[in-house]
file protein-v1.cif (mmCIF, C-alpha atoms; chains and numbers go by the auth columns)
data_work
loop_
_atom_site.group_PDB
_atom_site.id
_atom_site.type_symbol
_atom_site.label_atom_id
_atom_site.label_comp_id
_atom_site.label_asym_id
_atom_site.label_seq_id
_atom_site.Cartn_x
_atom_site.Cartn_y
_atom_site.Cartn_z
_atom_site.B_iso_or_equiv
_atom_site.auth_seq_id
_atom_site.auth_asym_id
ATOM 1 C CA MET A 1 3.312 -37.947 -46.002 0.00 119 A
ATOM 2 C CA ARG A 2 5.555 -34.899 -46.206 0.00 120 A
ATOM 3 C CA HIS A 3 7.797 -34.170 -43.245 0.00 121 A
ATOM 4 C CA GLU A 4 10.816 -32.019 -42.556 0.00 122 A
ATOM 5 C CA LEU A 5 13.865 -31.799 -40.343 0.00 123 A
ATOM 6 C CA LYS A 6 16.245 -29.013 -39.473 0.00 124 A
ATOM 7 C CA ILE A 7 19.905 -29.295 -40.433 0.00 125 A
ATOM 8 C CA ASP A 8 21.693 -26.335 -38.873 0.00 126 A
ATOM 9 C CA ASP A 9 19.498 -23.441 -39.996 0.00 127 A
ATOM 10 C CA ARG A 10 18.091 -25.189 -43.084 0.00 128 A
ATOM 11 C CA THR A 11 14.903 -27.171 -43.602 0.00 129 A
ATOM 12 C CA LEU A 12 15.207 -30.494 -45.422 0.00 130 A
ATOM 13 C CA SER A 13 11.817 -31.638 -46.657 0.00 131 A
ATOM 14 C CA TYR A 14 11.134 -35.291 -47.432 0.00 132 A
ATOM 15 C CA LEU A 15 8.388 -37.687 -48.444 0.00 133 A
ATOM 16 C CA ASP A 16 7.834 -40.886 -46.494 0.00 134 A
ATOM 17 C CA PHE A 17 5.530 -43.049 -48.589 0.00 135 A
ATOM 18 C CA GLY A 18 4.932 -45.250 -45.539 0.00 136 A
ATOM 19 C CA GLY A 19 3.789 -48.828 -45.378 0.00 137 A
ATOM 20 C CA PRO A 20 4.984 -51.858 -43.403 0.00 138 A
ATOM 21 C CA GLY A 21 7.827 -52.768 -45.736 0.00 139 A
ATOM 22 C CA ARG A 22 11.565 -52.377 -45.503 0.00 140 A
ATOM 23 C CA PRO A 23 12.927 -48.840 -45.969 0.00 141 A
ATOM 24 C CA LEU A 24 14.413 -47.769 -49.307 0.00 142 A
ATOM 25 C CA LEU A 25 16.145 -44.393 -49.545 0.00 143 A
ATOM 26 C CA ALA A 26 15.625 -42.808 -52.968 0.00 144 A
ATOM 27 C CA LEU A 27 17.516 -39.750 -54.252 0.00 145 A
ATOM 28 C CA HIS A 28 15.990 -37.843 -57.171 0.00 146 A
ATOM 29 C CA GLY A 29 17.757 -36.262 -60.115 0.00 147 A
ATOM 30 C CA GLY A 30 18.782 -32.644 -60.622 0.00 148 A
ATOM 31 C CA MET A 31 15.988 -30.076 -61.081 0.00 149 A
ATOM 32 C CA SER A 32 13.554 -32.643 -59.689 0.00 150 A
ATOM 33 C CA GLU A 33 12.162 -33.593 -56.284 0.00 151 A
ATOM 34 C CA ALA A 34 11.037 -36.479 -54.100 0.00 152 A
ATOM 35 C CA ALA A 35 7.608 -36.714 -55.718 0.00 153 A
ATOM 36 C CA ALA A 36 9.320 -38.167 -58.796 0.00 154 A
ATOM 37 C CA PHE A 37 9.285 -41.508 -56.945 0.00 155 A
ATOM 38 C CA THR A 38 5.524 -41.609 -56.373 0.00 156 A
ATOM 39 C CA GLY A 39 5.083 -44.172 -59.141 0.00 157 A
ATOM 40 C CA LEU A 40 7.945 -46.329 -57.892 0.00 158 A
ATOM 41 C CA ALA A 41 6.533 -46.358 -54.365 0.00 159 A
ATOM 42 C CA ALA A 42 3.141 -47.468 -55.694 0.00 160 A
ATOM 43 C CA ALA A 43 4.687 -50.161 -57.900 0.00 161 A
ATOM 44 C CA LEU A 44 6.768 -51.621 -55.068 0.00 162 A
ATOM 45 C CA GLY A 45 3.682 -51.846 -52.854 0.00 163 A
ATOM 46 C CA ASP A 46 3.692 -52.826 -49.205 0.00 164 A
ATOM 47 C CA GLY A 47 6.993 -54.660 -49.472 0.00 165 A
ATOM 48 C CA TRP A 48 8.960 -51.433 -49.381 0.00 166 A
ATOM 49 C CA ARG A 49 8.703 -48.099 -47.577 0.00 167 A
ATOM 50 C CA VAL A 50 10.156 -45.523 -49.954 0.00 168 A
ATOM 51 C CA ILE A 51 11.719 -42.494 -48.263 0.00 169 A
ATOM 52 C CA ALA A 52 12.772 -39.672 -50.563 0.00 170 A
ATOM 53 C CA PRO A 53 14.153 -36.259 -49.637 0.00 171 A
ATOM 54 C CA ASP A 54 13.863 -33.108 -51.659 0.00 172 A
ATOM 55 C CA GLN A 55 17.630 -32.781 -51.863 0.00 173 A
ATOM 56 C CA ARG A 56 19.200 -29.467 -50.874 0.00 174 A
ATOM 57 C CA GLY A 57 18.043 -26.599 -53.040 0.00 175 A
ATOM 58 C CA HIS A 58 15.302 -28.701 -54.651 0.00 176 A
ATOM 59 C CA GLY A 59 11.548 -28.795 -54.169 0.00 177 A
ATOM 60 C CA SER A 60 10.439 -27.778 -50.691 0.00 178 A
ATOM 61 C CA SER A 61 13.904 -27.972 -49.128 0.00 179 A
ATOM 62 C CA ASP A 62 15.798 -24.794 -48.356 0.00 180 A
ATOM 63 C CA ARG A 63 18.691 -23.502 -50.401 0.00 181 A
ATOM 64 C CA ALA A 64 22.164 -24.424 -49.155 0.00 182 A
ATOM 65 C CA ALA A 65 25.539 -22.718 -49.185 0.00 183 A
ATOM 66 C CA ASP A 66 26.981 -25.208 -51.672 0.00 184 A
ATOM 67 C CA HIS A 67 26.026 -28.197 -53.793 0.00 185 A
ATOM 68 C CA HIS A 68 29.093 -30.414 -53.580 0.00 186 A
ATOM 69 C CA ARG A 69 28.954 -34.142 -52.894 0.00 187 A
ATOM 70 C CA ALA A 70 29.869 -33.860 -49.217 0.00 188 A
ATOM 71 C CA GLY A 71 26.850 -31.668 -48.531 0.00 189 A
ATOM 72 C CA TYR A 72 24.404 -33.887 -50.378 0.00 190 A
ATOM 73 C CA VAL A 73 25.778 -36.967 -48.587 0.00 191 A
ATOM 74 C CA ALA A 74 25.662 -35.279 -45.173 0.00 192 A
ATOM 75 C CA ASP A 75 22.005 -34.372 -45.717 0.00 193 A
ATOM 76 C CA ALA A 76 21.116 -37.990 -46.558 0.00 194 A
ATOM 77 C CA VAL A 77 22.934 -39.284 -43.474 0.00 195 A
ATOM 78 C CA ALA A 78 21.171 -36.680 -41.323 0.00 196 A
ATOM 79 C CA LEU A 79 17.829 -37.891 -42.674 0.00 197 A
ATOM 80 C CA LEU A 80 18.653 -41.520 -41.873 0.00 198 A
ATOM 81 C CA ASP A 81 19.721 -40.512 -38.370 0.00 199 A
ATOM 82 C CA HIS A 82 16.546 -38.455 -37.933 0.00 200 A
ATOM 83 C CA LEU A 83 14.458 -41.513 -38.848 0.00 201 A
ATOM 84 C CA GLY A 84 16.466 -43.827 -36.606 0.00 202 A
ATOM 85 C CA LEU A 85 17.542 -45.949 -39.569 0.00 203 A
ATOM 86 C CA ASP A 86 20.953 -46.946 -38.247 0.00 204 A
ATOM 87 C CA GLY A 87 21.330 -50.273 -40.033 0.00 205 A
ATOM 88 C CA PRO A 88 22.153 -50.827 -43.687 0.00 206 A
ATOM 89 C CA LEU A 89 19.361 -50.325 -46.206 0.00 207 A
ATOM 90 C CA PRO A 90 19.040 -50.265 -49.998 0.00 208 A
ATOM 91 C CA LEU A 91 19.850 -46.955 -51.660 0.00 209 A
ATOM 92 C CA LEU A 92 18.588 -45.790 -55.070 0.00 210 A
ATOM 93 C CA GLY A 93 19.630 -42.704 -56.966 0.00 211 A
ATOM 94 C CA TYR A 94 18.766 -41.308 -60.366 0.00 212 A
ATOM 95 C CA SER A 95 21.152 -39.053 -62.330 0.00 213 A
ATOM 96 C CA LEU A 96 22.416 -36.455 -59.817 0.00 214 A
ATOM 97 C CA GLY A 97 20.892 -38.599 -57.079 0.00 215 A
ATOM 98 C CA GLY A 98 22.760 -41.601 -58.419 0.00 216 A
ATOM 99 C CA LEU A 99 26.076 -39.802 -58.199 0.00 217 A
ATOM 100 C CA ASN A 100 25.198 -38.765 -54.652 0.00 218 A
ATOM 101 C CA ALA A 101 24.261 -42.372 -53.887 0.00 219 A
ATOM 102 C CA TYR A 102 27.627 -43.648 -55.147 0.00 220 A
ATOM 103 C CA HIS A 103 29.393 -41.228 -52.807 0.00 221 A
ATOM 104 C CA LEU A 104 27.146 -42.114 -49.883 0.00 222 A
ATOM 105 C CA ALA A 105 27.795 -45.840 -50.359 0.00 223 A
ATOM 106 C CA ALA A 106 31.544 -45.244 -50.566 0.00 224 A
ATOM 107 C CA ALA A 107 31.718 -42.923 -47.542 0.00 225 A
ATOM 108 C CA HIS A 108 29.291 -44.864 -45.338 0.00 226 A
ATOM 109 C CA PRO A 109 29.304 -48.531 -46.394 0.00 227 A
ATOM 110 C CA GLU A 110 27.768 -49.516 -43.056 0.00 228 A
ATOM 111 C CA ARG A 111 24.575 -47.622 -44.013 0.00 229 A
ATOM 112 C CA VAL A 112 24.051 -49.202 -47.459 0.00 230 A
ATOM 113 C CA SER A 113 23.084 -52.839 -48.071 0.00 231 A
ATOM 114 C CA ALA A 114 22.465 -52.502 -51.821 0.00 232 A
ATOM 115 C CA LEU A 115 22.995 -49.775 -54.400 0.00 233 A
ATOM 116 C CA ILE A 116 20.828 -48.910 -57.413 0.00 234 A
ATOM 117 C CA GLY A 117 22.208 -46.374 -59.875 0.00 235 A
ATOM 118 C CA VAL A 118 19.719 -45.146 -62.463 0.00 236 A
ATOM 119 C CA ASP A 119 21.391 -43.672 -65.548 0.00 237 A
ATOM 120 C CA ALA A 120 24.071 -42.098 -63.360 0.00 238 A
ATOM 121 C CA THR A 121 27.522 -41.946 -64.902 0.00 239 A
ATOM 122 C CA VAL A 122 30.934 -41.779 -63.258 0.00 240 A
ATOM 123 C CA GLU A 123 32.540 -39.680 -65.980 0.00 241 A
ATOM 124 C CA ILE A 124 31.276 -36.103 -66.193 0.00 242 A
ATOM 125 C CA HIS A 125 33.017 -33.691 -68.512 0.00 243 A
ATOM 126 C CA LEU A 126 31.343 -30.371 -69.309 0.00 244 A
ATOM 127 C CA PRO A 127 32.313 -28.813 -72.645 0.00 245 A
ATOM 128 C CA ALA A 128 33.702 -25.286 -72.604 0.00 246 A
ATOM 129 C CA GLY A 129 31.145 -24.087 -75.164 0.00 247 A
ATOM 130 C CA PRO A 130 27.336 -24.092 -75.103 0.00 248 A
ATOM 131 C CA ASN A 131 25.670 -26.690 -72.866 0.00 249 A
ATOM 132 C CA TRP A 132 22.136 -28.042 -72.529 0.00 250 A
ATOM 133 C CA PHE A 133 21.766 -26.406 -69.107 0.00 251 A
ATOM 134 C CA ASP A 134 22.529 -22.880 -70.304 0.00 252 A
ATOM 135 C CA PHE A 135 18.784 -22.132 -70.298 0.00 253 A
ATOM 136 C CA LEU A 136 18.924 -21.997 -66.499 0.00 254 A
ATOM 137 C CA ALA A 137 20.752 -18.661 -66.591 0.00 255 A
ATOM 138 C CA GLY A 138 17.728 -17.067 -68.228 0.00 256 A
ATOM 139 C CA LEU A 139 15.041 -18.387 -65.858 0.00 257 A
ATOM 140 C CA THR A 140 13.166 -16.072 -63.522 0.00 258 A
ATOM 141 C CA TYR A 141 13.011 -17.442 -59.965 0.00 259 A
ATOM 142 C CA THR A 142 9.923 -15.621 -58.678 0.00 260 A
ATOM 143 C CA ALA A 143 6.903 -13.772 -60.045 0.00 261 A
ATOM 144 C CA PRO A 144 3.707 -12.300 -58.569 0.00 262 A
ATOM 145 C CA THR A 145 1.521 -15.043 -60.086 0.00 263 A
ATOM 146 C CA ARG A 146 1.906 -18.598 -61.296 0.00 264 A
ATOM 147 C CA GLU A 147 0.872 -17.551 -64.787 0.00 265 A
ATOM 148 C CA GLU A 148 3.515 -14.823 -64.942 0.00 266 A
ATOM 149 C CA LEU A 149 6.185 -17.255 -63.767 0.00 267 A
ATOM 150 C CA LEU A 150 5.270 -19.763 -66.466 0.00 268 A
ATOM 151 C CA ALA A 151 5.235 -17.010 -69.080 0.00 269 A
ATOM 152 C CA ALA A 152 8.682 -15.862 -67.967 0.00 270 A
ATOM 153 C CA ALA A 153 9.989 -19.423 -68.287 0.00 271 A
ATOM 154 C CA GLY A 154 8.958 -19.479 -71.940 0.00 272 A
ATOM 155 C CA PRO A 155 7.287 -22.231 -73.966 0.00 273 A
ATOM 156 C CA ALA A 156 10.357 -24.490 -74.006 0.00 274 A
ATOM 157 C CA ALA A 157 11.018 -24.544 -70.252 0.00 275 A
ATOM 158 C CA ALA A 158 7.502 -24.056 -68.886 0.00 276 A
ATOM 159 C CA PRO A 159 6.399 -27.712 -69.252 0.00 277 A
ATOM 160 C CA PHE A 160 9.421 -28.862 -67.250 0.00 278 A
ATOM 161 C CA VAL A 161 8.814 -26.582 -64.270 0.00 279 A
ATOM 162 C CA ALA A 162 5.018 -26.283 -64.217 0.00 280 A
ATOM 163 C CA ASP A 163 4.303 -29.173 -61.853 0.00 281 A
ATOM 164 C CA GLY A 164 6.830 -27.976 -59.293 0.00 282 A
ATOM 165 C CA LEU A 165 5.892 -24.303 -58.983 0.00 283 A
ATOM 166 C CA ARG A 166 5.237 -23.242 -55.388 0.00 284 A
ATOM 167 C CA PRO A 167 3.712 -20.223 -53.645 0.00 285 A
ATOM 168 C CA LEU A 168 6.203 -18.146 -51.697 0.00 286 A
ATOM 169 C CA ALA A 169 6.059 -18.605 -47.932 0.00 287 A
ATOM 170 C CA ASP A 170 5.070 -14.963 -47.353 0.00 288 A
ATOM 171 C CA GLY A 171 2.241 -15.159 -49.889 0.00 289 A
ATOM 172 C CA SER A 172 3.751 -12.507 -52.144 0.00 290 A
ATOM 173 C CA GLY A 173 3.967 -14.650 -55.270 0.00 291 A
ATOM 174 C CA TRP A 174 5.252 -17.893 -56.768 0.00 292 A
ATOM 175 C CA ARG A 175 8.676 -19.471 -57.220 0.00 293 A
ATOM 176 C CA LEU A 176 10.386 -22.162 -59.246 0.00 294 A
ATOM 177 C CA PRO A 177 11.044 -25.517 -57.527 0.00 295 A
ATOM 178 C CA TYR A 178 14.725 -24.542 -57.419 0.00 296 A
ATOM 179 C CA HIS A 179 16.889 -21.478 -57.782 0.00 297 A
ATOM 180 C CA PRO A 180 18.475 -21.470 -61.255 0.00 298 A
ATOM 181 C CA GLN A 181 21.911 -20.501 -59.910 0.00 299 A
ATOM 182 C CA ASP A 182 21.825 -23.374 -57.417 0.00 300 A
ATOM 183 C CA MET A 183 21.206 -25.807 -60.252 0.00 301 A
ATOM 184 C CA LEU A 184 24.058 -24.373 -62.305 0.00 302 A
ATOM 185 C CA ASP A 185 26.354 -24.695 -59.292 0.00 303 A
ATOM 186 C CA SER A 186 25.139 -28.240 -58.658 0.00 304 A
ATOM 187 C CA ILE A 187 25.751 -29.340 -62.241 0.00 305 A
ATOM 188 C CA ARG A 188 29.237 -27.876 -62.309 0.00 306 A
ATOM 189 C CA ALA A 189 30.077 -29.462 -58.957 0.00 307 A
ATOM 190 C CA CYS A 190 29.398 -32.883 -60.502 0.00 308 A
ATOM 191 C CA GLU A 191 32.176 -32.533 -63.051 0.00 309 A
ATOM 192 C CA GLY A 192 35.047 -34.960 -62.758 0.00 310 A
ATOM 193 C CA ASP A 193 36.069 -38.607 -62.637 0.00 311 A
ATOM 194 C CA HIS A 194 34.118 -40.579 -60.026 0.00 312 A
ATOM 195 C CA TRP A 195 35.507 -44.024 -60.811 0.00 313 A
ATOM 196 C CA ASP A 196 37.266 -44.416 -57.469 0.00 314 A
ATOM 197 C CA THR A 197 34.024 -43.682 -55.668 0.00 315 A
ATOM 198 C CA TRP A 198 32.015 -46.146 -57.766 0.00 316 A
ATOM 199 C CA LEU A 199 34.579 -48.887 -57.170 0.00 317 A
ATOM 200 C CA ALA A 200 34.962 -48.159 -53.444 0.00 318 A
ATOM 201 C CA SER A 201 31.664 -49.732 -52.354 0.00 319 A
ATOM 202 C CA THR A 202 31.278 -53.513 -52.288 0.00 320 A
ATOM 203 C CA CYS A 203 27.560 -54.072 -51.678 0.00 321 A
ATOM 204 C CA PRO A 204 25.413 -55.678 -54.406 0.00 322 A
ATOM 205 C CA ALA A 205 24.509 -53.117 -57.047 0.00 323 A
ATOM 206 C CA LEU A 206 22.254 -52.628 -60.049 0.00 324 A
ATOM 207 C CA LEU A 207 22.888 -50.206 -62.893 0.00 325 A
ATOM 208 C CA VAL A 208 19.683 -49.251 -64.715 0.00 326 A
ATOM 209 C CA HIS A 209 20.623 -47.755 -68.072 0.00 327 A
ATOM 210 C CA GLY A 210 18.758 -45.985 -70.823 0.00 328 A
ATOM 211 C CA THR A 211 20.641 -47.441 -73.768 0.00 329 A
ATOM 212 C CA ARG A 212 20.189 -44.268 -75.839 0.00 330 A
ATOM 213 C CA SER A 213 21.274 -41.975 -73.002 0.00 331 A
ATOM 214 C CA GLN A 214 23.767 -39.239 -73.748 0.00 332 A
ATOM 215 C CA ALA A 215 24.470 -38.830 -70.031 0.00 333 A
ATOM 216 C CA LEU A 216 25.583 -42.432 -69.493 0.00 334 A
ATOM 217 C CA THR A 217 27.105 -43.795 -72.691 0.00 335 A
ATOM 218 C CA GLN A 218 27.103 -47.500 -73.505 0.00 336 A
ATOM 219 C CA ASP A 219 30.856 -47.881 -73.151 0.00 337 A
ATOM 220 C CA VAL A 220 30.863 -46.307 -69.691 0.00 338 A
ATOM 221 C CA ALA A 221 27.849 -48.375 -68.598 0.00 339 A
ATOM 222 C CA ASP A 222 29.574 -51.551 -69.785 0.00 340 A
ATOM 223 C CA ALA A 223 32.759 -50.611 -67.945 0.00 341 A
ATOM 224 C CA MET A 224 30.886 -49.734 -64.738 0.00 342 A
ATOM 225 C CA THR A 225 29.244 -53.161 -64.762 0.00 343 A
ATOM 226 C CA ALA A 226 32.405 -55.073 -65.639 0.00 344 A
ATOM 227 C CA ARG A 227 34.802 -53.318 -63.291 0.00 345 A
ATOM 228 C CA ARG A 228 32.691 -53.363 -60.126 0.00 346 A
ATOM 229 C CA PRO A 229 32.147 -56.876 -58.710 0.00 347 A
ATOM 230 C CA GLY A 230 28.573 -57.756 -57.820 0.00 348 A
ATOM 231 C CA THR A 231 27.007 -55.265 -60.217 0.00 349 A
ATOM 232 C CA ALA A 232 23.987 -56.321 -62.283 0.00 350 A
ATOM 233 C CA TYR A 233 22.937 -54.493 -65.432 0.00 351 A
ATOM 234 C CA ALA A 234 19.393 -53.603 -66.528 0.00 352 A
ATOM 235 C CA PRO A 235 19.263 -51.985 -69.991 0.00 353 A
ATOM 236 C CA LEU A 236 16.083 -50.174 -70.986 0.00 354 A
ATOM 237 C CA ASP A 237 15.322 -48.820 -74.438 0.00 355 A
ATOM 238 C CA GLY A 238 15.271 -45.095 -73.859 0.00 356 A
ATOM 239 C CA ASP A 239 17.264 -41.970 -73.189 0.00 357 A
ATOM 240 C CA HIS A 240 18.384 -40.403 -69.916 0.00 358 A
ATOM 241 C CA PHE A 241 14.757 -39.914 -68.868 0.00 359 A
ATOM 242 C CA VAL A 242 13.865 -43.587 -69.245 0.00 360 A
ATOM 243 C CA PRO A 243 12.539 -43.947 -65.654 0.00 361 A
ATOM 244 C CA PHE A 244 9.711 -41.619 -66.712 0.00 362 A
ATOM 245 C CA THR A 245 9.323 -42.582 -70.363 0.00 363 A
ATOM 246 C CA ASP A 246 9.347 -46.309 -69.501 0.00 364 A
ATOM 247 C CA PRO A 247 8.118 -46.403 -65.909 0.00 365 A
ATOM 248 C CA GLU A 248 6.968 -50.014 -66.161 0.00 366 A
ATOM 249 C CA GLY A 249 10.405 -51.176 -67.264 0.00 367 A
ATOM 250 C CA PHE A 250 12.069 -49.103 -64.560 0.00 368 A
ATOM 251 C CA HIS A 251 9.765 -50.333 -61.810 0.00 369 A
ATOM 252 C CA GLU A 252 10.173 -53.938 -62.921 0.00 370 A
ATOM 253 C CA ALA A 253 13.977 -53.745 -62.970 0.00 371 A
ATOM 254 C CA VAL A 254 14.115 -52.183 -59.509 0.00 372 A
ATOM 255 C CA GLY A 255 11.527 -54.570 -58.101 0.00 373 A
ATOM 256 C CA LYS A 256 13.340 -57.673 -59.363 0.00 374 A
ATOM 257 C CA PHE A 257 16.613 -56.507 -57.896 0.00 375 A
ATOM 258 C CA LEU A 258 15.121 -55.616 -54.523 0.00 376 A
ATOM 259 C CA ALA A 259 13.350 -58.972 -54.354 0.00 377 A
ATOM 260 C CA THR A 260 16.749 -60.636 -54.035 0.00 378 A
ATOM 261 C CA ARG A 261 18.023 -58.363 -51.280 0.00 379 A
#
call {"tool": "encode", "arguments": {"input": "protein-v1.cif", "output": "structure tokens"}}
result
Amino acid sequence: MRHELKIDDRTLSYLDFGGPGRPLLALHGGMSEAAAFTGLAAALGDGWRVIAPDQRGHGSSDRAADHHRAGYVADAVALLDHLGLDGPLPLLGYSLGGLNAYHLAAAHPERVSALIGVDATVEIHLPAGPNWFDFLAGLTYTAPTREELLAAAGPAAAPFVADGLRPLADGSGWRLPYHPQDMLDSIRACEGDHWDTWLASTCPALLVHGTRSQALTQDVADAMTARRPGTAYAPLDGDHFVPFTDPEGFHEAVGKFLATR
């Protein structure tokens, strides 16, 4: 079921997949949304109640003034408070959501009983020249029709945004599932060394890694596992998008880890 809460003057939308199981907070990747965890929620079954927000600026949640870690973390804590989930619970994050999860676990260790990072690195260095995300600057945010919005996105980007397109609230047209400038700001706000944050939390952790990922290289994944006590490692044969290209492997790795928590 989709629900929402107000944080100041913003709406934060979230999916609560329900069920009688223990709660699991799941944070999606950049340019994605909570629905990305539909398959995981189904695979985990009644043992777990997956709760996933559309993080600020993504999906059905409102745009925010900034996209730094503190804001993302504050939104997640506000959601937990809204749901009355005061005790520690497992926390999963993929890519951008993984980085946010690392910061949440470090800042609020009393809220996190276990941490699952999914192809989320702690070393982010953006080259000065061309980058993979440069296409965002050329995306059109709104258009009168869905077809026009897809055409404006172009054949390369259209498949990646098609499923998330939404009608505008006033009925005047359609919009992307995020504002392109927000995503550029969010990506740039991730840059830096996050080792201290990764090492600050002490709960049991699992690092799920696409072994051919360019976002989380093998040497960094090995170091993250070795340097943080209590961290298990689950390699999957794939790139950064391995949770979606190998959903069975991803679901199995997460399920096995949660079964021991």
call {"tool": "atom_distance", "arguments": {"input": "protein-v1.cif", "atom1": "atom CA of A:Met119", "atom2": "atom CA of A:Gly177"}}
result
14.8 Å
call {"tool": "atom_distance", "arguments": {"input": "protein-v1.cif", "atom1": "atom CA of A:His176", "atom2": "atom CA of A:Pro295"}}
result
6.0 Å
call {"tool": "atom_distance", "arguments": {"input": "protein-v1.cif", "atom1": "atom CA of A:Phe375", "atom2": "atom CA of A:Ser150"}}
result
24.1 Å
call {"tool": "residues_around", "arguments": {"input": "protein-v1.cif", "residues": "A:Ala287", "least_positions_apart": "6", "cutoff": "12 Å", "atoms": "only C-alpha atoms", "output": "PDB file with C-alpha atoms, keeping the file's coordinate frame"}}
result
ATOM      1  CA  SER A 178      10.439 -27.778 -50.691  1.00  0.00           C
ATOM      2  CA  ASP A 180      15.798 -24.794 -48.356  1.00  0.00           C
ATOM      3  CA  THR A 260       9.923 -15.621 -58.678  1.00  0.00           C
ATOM      4  CA  ARG A 293       8.676 -19.471 -57.220  1.00  0.00           C
TER       5      ARG A 293
END
call {"tool": "resolve_selection", "arguments": {"input": "protein-v1.cif", "expression": "the PyMOL selection byres ((chain A and resi 334) around 9)", "output": "PDB file with C-alpha atoms, keeping the file's coordinate frame"}}
result
ATOM      1  CA  ASP A 237      21.391 -43.672 -65.548  1.00  0.00           C
ATOM      2  CA  ALA A 238      24.071 -42.098 -63.360  1.00  0.00           C
ATOM      3  CA  THR A 239      27.522 -41.946 -64.902  1.00  0.00           C
ATOM      4  CA  VAL A 240      30.934 -41.779 -63.258  1.00  0.00           C
ATOM      5  CA  GLU A 241      32.540 -39.680 -65.980  1.00  0.00           C
ATOM      6  CA  HIS A 327      20.623 -47.755 -68.072  1.00  0.00           C
ATOM      7  CA  GLY A 328      18.758 -45.985 -70.823  1.00  0.00           C
ATOM      8  CA  THR A 329      20.641 -47.441 -73.768  1.00  0.00           C
ATOM      9  CA  ARG A 330      20.189 -44.268 -75.839  1.00  0.00           C
ATOM     10  CA  SER A 331      21.274 -41.975 -73.002  1.00  0.00           C
ATOM     11  CA  GLN A 332      23.767 -39.239 -73.748  1.00  0.00           C
ATOM     12  CA  ALA A 333      24.470 -38.830 -70.031  1.00  0.00           C
ATOM     13  CA  THR A 335      27.105 -43.795 -72.691  1.00  0.00           C
ATOM     14  CA  GLN A 336      27.103 -47.500 -73.505  1.00  0.00           C
ATOM     15  CA  ASP A 337      30.856 -47.881 -73.151  1.00  0.00           C
ATOM     16  CA  VAL A 338      30.863 -46.307 -69.691  1.00  0.00           C
ATOM     17  CA  ALA A 339      27.849 -48.375 -68.598  1.00  0.00           C
ATOM     18  CA  HIS A 358      18.384 -40.403 -69.916  1.00  0.00           C
TER      19      HIS A 358
END
call {"tool": "closest_residue", "arguments": {"input": "protein-v1.cif", "among": "A:Leu268, A:Val230, A:Ala275, A:Leu217", "to": "A:Trp313", "atoms": "all atoms listed in the file"}}
result
A:Leu217
call {"tool": "resolve_selection", "arguments": {"input": "protein-v1.cif", "expression": "the PyMOL selection byres ((chain A and resi 200) around 12)", "output": "number ranges by chain"}}
result
A: 121-125, 130, 132, 193-199, 201-204
call {"tool": "closest_residue", "arguments": {"input": "protein-v1.cif", "among": "A:Asp281, A:Ala160, A:Pro245, A:Tyr296", "to": "A:Asp172", "atoms": "all atoms listed in the file"}}
result
A:Tyr296
call {"tool": "resolve_selection", "arguments": {"input": "protein-v1.cif", "expression": "the PyMOL selection byres ((chain A and resi 147) around 12)", "output": "PyMOL selection string"}}
result
chain A and resi 144-146+148-155+170-177+210-219+235-238+301+304-305+358-359+361-362
call {"tool": "axis_aligned_box", "arguments": {"input": "protein-v1.cif", "around": "stretch 143-149 of chain A", "padding_each_side": "4 Å", "output": "JSON"}}
result
{"center_x": 17.2, "center_y": -37.2, "center_z": -55.3, "size_x": 11.2, "size_y": 22.3, "size_z": 19.5}
call {"tool": "residues_around", "arguments": {"input": "protein-v1.cif", "residues": "A:Lys374", "least_positions_apart": "2", "cutoff": "12 Å", "atoms": "only C-alpha atoms", "output": "MDAnalysis selection string"}}
result
chainID A and resid 161:162 234 324 326 350:352 367:372 376:379
call {"tool": "closest_residue", "arguments": {"input": "protein-v1.cif", "among": "A:Pro298, A:Asp126, A:Ser290, A:His226", "to": "A:Gly256", "atoms": "only C-alpha atoms"}}
result
A:Pro298
call {"tool": "residues_around", "arguments": {"input": "protein-v1.cif", "residues": "A:Gly289", "least_positions_apart": "6", "cutoff": "12 Å", "atoms": "all atoms listed in the file", "output": "PyMOL selection string"}}
result
chain A and resi 260-264
call {"tool": "residues_around", "arguments": {"input": "protein-v1.cif", "residues": "A:Cys308", "least_positions_apart": "6", "cutoff": "9 Å", "atoms": "all atoms listed in the file", "output": "PDB file with C-alpha atoms, in the coordinates of the input"}}
result
ATOM      1  CA  HIS A 185      26.026 -28.197 -53.793  1.00  0.00           C
ATOM      2  CA  HIS A 186      29.093 -30.414 -53.580  1.00  0.00           C
ATOM      3  CA  ARG A 187      28.954 -34.142 -52.894  1.00  0.00           C
ATOM      4  CA  LEU A 214      22.416 -36.455 -59.817  1.00  0.00           C
ATOM      5  CA  LEU A 217      26.076 -39.802 -58.199  1.00  0.00           C
ATOM      6  CA  ILE A 242      31.276 -36.103 -66.193  1.00  0.00           C
ATOM      7  CA  HIS A 243      33.017 -33.691 -68.512  1.00  0.00           C
TER       8      HIS A 243
END
call {"tool": "residues_near_point", "arguments": {"input": "protein-v1.cif", "point": "(24.2, -45.4, -46.4)", "cutoff": "10 Å", "atoms": "all atoms listed in the file", "output": "JSON, numbers by chain"}}
result
{"A": [143, 191, 194, 195, 198, 203, 204, 205, 206, 207, 208, 209, 219, 220, 221, 222, 223, 224, 225, 226, 227, 228, 229, 230, 231, 232, 233]}
call {"tool": "closest_residue", "arguments": {"input": "protein-v1.cif", "among": "A:Pro138, A:Gly165, A:Pro322, A:Gly157", "to": "A:Pro365", "atoms": "all atoms listed in the file"}}
result
A:Gly157
call {"tool": "closest_residue", "arguments": {"input": "protein-v1.cif", "among": "A:Val360, A:Leu317, A:Leu354, A:Ala159", "to": "A:Ala341", "atoms": "all atoms listed in the file"}}
result
A:Leu317
